[in-house]
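Enquirer: This is the structure I have questions about; it appears just below.
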Amino acid sequence: MPGVESARTATRRALERAWAQAVDDGRLPALPPESAATAIEVVRPANPDHGDLSTNLALKLARPLRRPPLEIAAALRDSLAASMSEETGSAIADPTVAAPGFLNLRLAPGYVEASIDAATQVGSSFGRVEAQRPQRINVEFVSANPTGPLHIGNARGAFVGDLLCRVLEAAGHDVTREYYFNDAGTQVRNLGESVRRVRLGEPVPEDGYRGEYVSDLAREVPEEIWARAVSDEADGAWVIGVWASERVRAGIESSLGRLGVRFDVWRTETGIEREGWIDRSIERLREGGHVYESERALWFRSTAFGDDKDRVVRRSNGELTYFGKDIGYLEEKFSRGFDRLIYVWGADHHGTVARLRNAAEAMGYGRDAVEVLLVAWVRFVRDGQEISMSKRSGEFITLDELLAEIGADAARWYFAARAHTSGIDFDIELAKRQSNENPVYYVQYAHARISSILRKAQEAGLSPADSVAGRLADDPVALGLAKEILRLPELVEDAATAHETQGVTAYATQLATTFHAFYRDRRVIDPADPGTSGVRLALVDAARLALANTLALLGISAPESM
RNA sequence: GCGCCCGUAGCUCAGUGGAUAGAGCGGAUGGCUUCGGACCAUCAGGUCGCGGGUUCGAAUCCUGCCGGGCGCGCCA
């Protein structure tokens, strides 16, 4: 079901019309053809005296039109005012001009009321928007190799990737969640060898894996696997490694499941290679003249696209590099018809971004179709001391431990509220202590409180009004809450564009605060006045819906009591 | 050395061209015989790392420093 259009989109459209009308009427000169198209920016002013929405269009047009911004703003205002008097249901009202050339606008109460009704009608779809250009998007994230449980380091990618997917879906895109892992390399053998040694009571090799999970695996090796592994003709480390890595992979999948993260596609390196995608991609590059042989290795001419050196695709010993496999995977993904590929990688991989996008360009898919989100690393500290996190050392905090300690909701909020580019010092003791004062509970509390009001109203025989039309305009407190509710679609658009969710958590907090203030100032349940109660119940129910949908967007539960 | 990311309130972080730089936590003070006090209200707290520049307007863009992280392989 389609959602409700954002007030900003409606406003932008009204401004577009007003601008065109002002040019038709001769109030404004036409934009000179040589000047670049001017996008209409509509923002929420920080100061409420500046209206609900504001545009700097007149300031932007001042230079190309060679007119004072205040004059342009006045012309736009007059055109808006004229069109508002002609049509009913206009989104905006009361346009005013402010120095140095802003045009400040208010949302028309009738529009606010109609939008609240619309939100109630679409229910869980409120907050979803239609993309201007819907795309099929592949988001590959986590993609940790199955050599050990997820720790908080690579778990950050799970949070960021999942949030991105949810936001893109809400913004009208078709998203495929993909997990890619290496099921062939030396790491599988290393894991198997580590397990084998532990089982035999021998020391683990220097480059092997340690930690409790290795001991657990050693204990759990099935007899038939073990028998095959110790037979003379078998590659024991490999046999055990294949079994162990699948077991670890399944564990990762269920850890992610506990977090609420599910993948549509699990893809392996051997699958990509076996199906011939790598050969085909190299052939495609060869046809374009983008690869060459040198010193018995095969090179991609990455410098032709601005890289500082060419990159090896196939080593002189015949083995593919990681990059070579990436190229094949690019080919395979695009063959499935995606418009855009997004990779969520650790920031330490930033050096490999350019070559990947260069390869996409060389293959004819366009570099802009490939985006990489670099997620900053998480530094783990305990009592101020950094903990080195590596599966090889065996010392790390797992995702499961994190979820057991602070819960999925608090953990999700923690990562959603921070830019993925900012480094984090994660102190699990501090996180535990702070989990009780995590703002997520503040937001959930508002939701539970409204749910309680609605239950109580039902017991009192009161029910929400079918429509709030004509009933909010004369109450500034109610109108203020309604306007806050209606911001949700904009936040979804912004989050999808920016690939960030901090705005969404900030909005959720703000909406909860606005509701609490409404609750303080307006009695919702009043058996003596069922008419007013009905309107207020409809409004707080819309607030509950907005809170629930916002939390759902973040993958966080919305409890009816707590 | 070169490249990328970061530096904002006591702490953790938002804000990437707009009007008086915000939130949460922590601190101070006050508020329930009425719909959930996991709440509300008020206050204190800032050379936006530093210096130049662009702009009507800079935390935001450019540039030079300072400080921190990461990367620079026929590794993954």
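Just so we're on the same page: first chain in the structure tokens is A, next is B, and so on; residues restart at 1 for each chain, and ligands are numbered from 1 in the order they show up.
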Pick out the residues sitting within 12 Å of G64 of chain B, and hand them over as a VMD selection string; count only C-alpha atoms (C1' of nucleotides), and ignore anything fewer than 6 positions along from it in its own chain.
Expert: chain B and resid 50 to 53
Enquirer: Do me a favour and pick out the residues of chain A within 6 Å of chain B, using only C-alpha atoms (C1' of nucleotides), as a PyMOL selection string.
Expert: chain A and resi 315+348+351+449+453+525
Enquirer: Rank A:Gln21, A:Trp243, A:Leu217, A:Phe102 by their smallest atom-to-atom distance to Val43 of chain A, using only C-alpha atoms, and report the top residue only.
Expert: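 Closest to Val43 of chain A, using only C-alpha atoms: A:Phe102.
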Enquirer: Enter the distance from atom CA of Ser231 of chain A to atom CA of Val248 of chain A, in Å, rounded to one decimal.
Expert: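 One can read the atom CA of Ser231 of chain A to atom CA of Val248 of chain A distance as 23.9 Å.
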Enquirer: Please provide the set of residues having any atom within 9 Å of Arg156 of chain A, restricted to only C-alpha atoms (C1' of nucleotides), with same-chain residues fewer than 5 positions apart removed, written as a ChimeraX atom specification.
Expert: /A:142,151,161,346,375-378,415,420
Enquirer: Using DSSP on the backbone coordinates, identify the residues of segment 428-539 of chain A assigned to helix (DSSP H, G or I); present them as a VMD selection string.
Expert: chain A and resid 428 to 435 439 to 459 476 to 485 488 to 498 502 to 521 530 to 539
Enquirer: Rounded to one decimal, what separation in Å do you get between atom CA of Arg67 of chain A and atom CA of Ala99 of chain A?
Expert: 14.5 Å
Enquirer: How far is it from atom CA of Ala108 of chain A to atom CA of Ala93 of chain A, in Å with one decimal?
Expert: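 Calculated distance between atom CA of Ala108 of chain A and atom CA of Ala93 of chain A is 5.0 Å.
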Enquirer: Have a look at B:U16, B:G7, B:G30, B:G46 and name the one nearest to C66 of chain B; count only C-alpha atoms (C1' of nucleotides).
Expert: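 Of B:U16, B:G7, B:G30, B:G46, the one nearest C66 of chain B is B:G7, counting only C-alpha atoms (C1' of nucleotides).
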Enquirer: Mind checking which residues fall within 7 Å of segment 556-560 of chain A, counting only C-alpha atoms (C1' of nucleotides), ignoring those fewer than 4 positions away in the same chain, and posting them as an MDAnalysis selection string?
Expert: chainID A and resid 409 444 447:448 451 548 551:552
Enquirer: Skipping near chain neighbours, those fewer than 4 positions away, what residues fall within 8 Å of Val265 of chain A using only C-alpha atoms (C1' of nucleotides), listed as a list in words?
Expert: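 The neighbour list is Thr176, Arg177, Glu178 and Tyr179 of chain A.
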Enquirer: Please provide as a PDB file with N, CA, C and O atoms, in the first residue's frame all residues within 8 Å of Asn549 of chain A, with the sequence filter that same-chain residues fewer than 5 positions apart are discarded (counting only C-alpha atoms (C1' of nucleotides)).
Expert:
```
ATOM      1  N   SER A 124       0.304   0.808   8.714  1.00  0.00           N
ATOM      2  CA  SER A 124       1.727   0.482   8.769  1.00  0.00           C
ATOM      3  C   SER A 124       2.491   1.020   7.557  1.00  0.00           C
ATOM      4  O   SER A 124       3.715   1.029   7.555  1.00  0.00           O
ATOM      5  N   SER A 125       1.779   1.464   6.529  1.00  0.00           N
ATOM      6  CA  SER A 125       2.468   2.041   5.366  1.00  0.00           C
ATOM      7  C   SER A 125       2.794   3.515   5.565  1.00  0.00           C
ATOM      8  O   SER A 125       3.514   4.097   4.750  1.00  0.00           O
ATOM      9  N   PHE A 126       2.276   4.114   6.626  1.00  0.00           N
ATOM     10  CA  PHE A 126       2.610   5.521   6.869  1.00  0.00           C
ATOM     11  C   PHE A 126       4.105   5.624   7.162  1.00  0.00           C
ATOM     12  O   PHE A 126       4.619   4.943   8.047  1.00  0.00           O
ATOM     13  N   GLY A 127       4.780   6.463   6.415  1.00  0.00           N
ATOM     14  CA  GLY A 127       6.233   6.542   6.535  1.00  0.00           C
ATOM     15  C   GLY A 127       6.907   5.953   5.304  1.00  0.00           C
ATOM     16  O   GLY A 127       8.081   6.195   5.063  1.00  0.00           O
TER      17      GLY A 127
END
```
Enquirer: Can you pull out every residue within 12 Å of U42 of chain B, counting only C-alpha atoms (C1' of nucleotides), but drop anything in the same chain fewer than 6 positions away, and send it as a PyMOL selection string?
Expert: chain B and resi 28-31
Enquirer: Where does segment 26-108 of chain A meet segment 481-501 of chain A within 10 Å, residue by residue, with the nearest atom pair and distance in Å to one decimal for each, counting only C-alpha atoms, listed by chain and rising number, as JSON lines?
Expert:
```
{"residue": "A:Arg44", "atom": "CA", "partner": "A:Arg487", "partner_atom": "CA", "distance": 9.6}
{"residue": "A:Asp52", "atom": "CA", "partner": "A:Lys483", "partner_atom": "CA", "distance": 8.4}
{"residue": "A:Leu107", "atom": "CA", "partner": "A:Lys483", "partner_atom": "CA", "distance": 8.2}
```
Enquirer: Using only C-alpha atoms for the distances, tell me which of A:Gly470, A:Gly101, A:Gly531, A:Pro205 is nearest to Leu61 of chain A.
Expert: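 Selected residue with least distance to Leu61 of chain A: A:Gly101.
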Enquirer: Using backbone DSSP assignments, extract all strand (DSSP E) residues from segment 260-294 of chain A; output them as a list in words.
Expert: Val265, Trp266, Arg267, Thr268, Val291, Tyr292, Glu293 and Ser294 of chain A
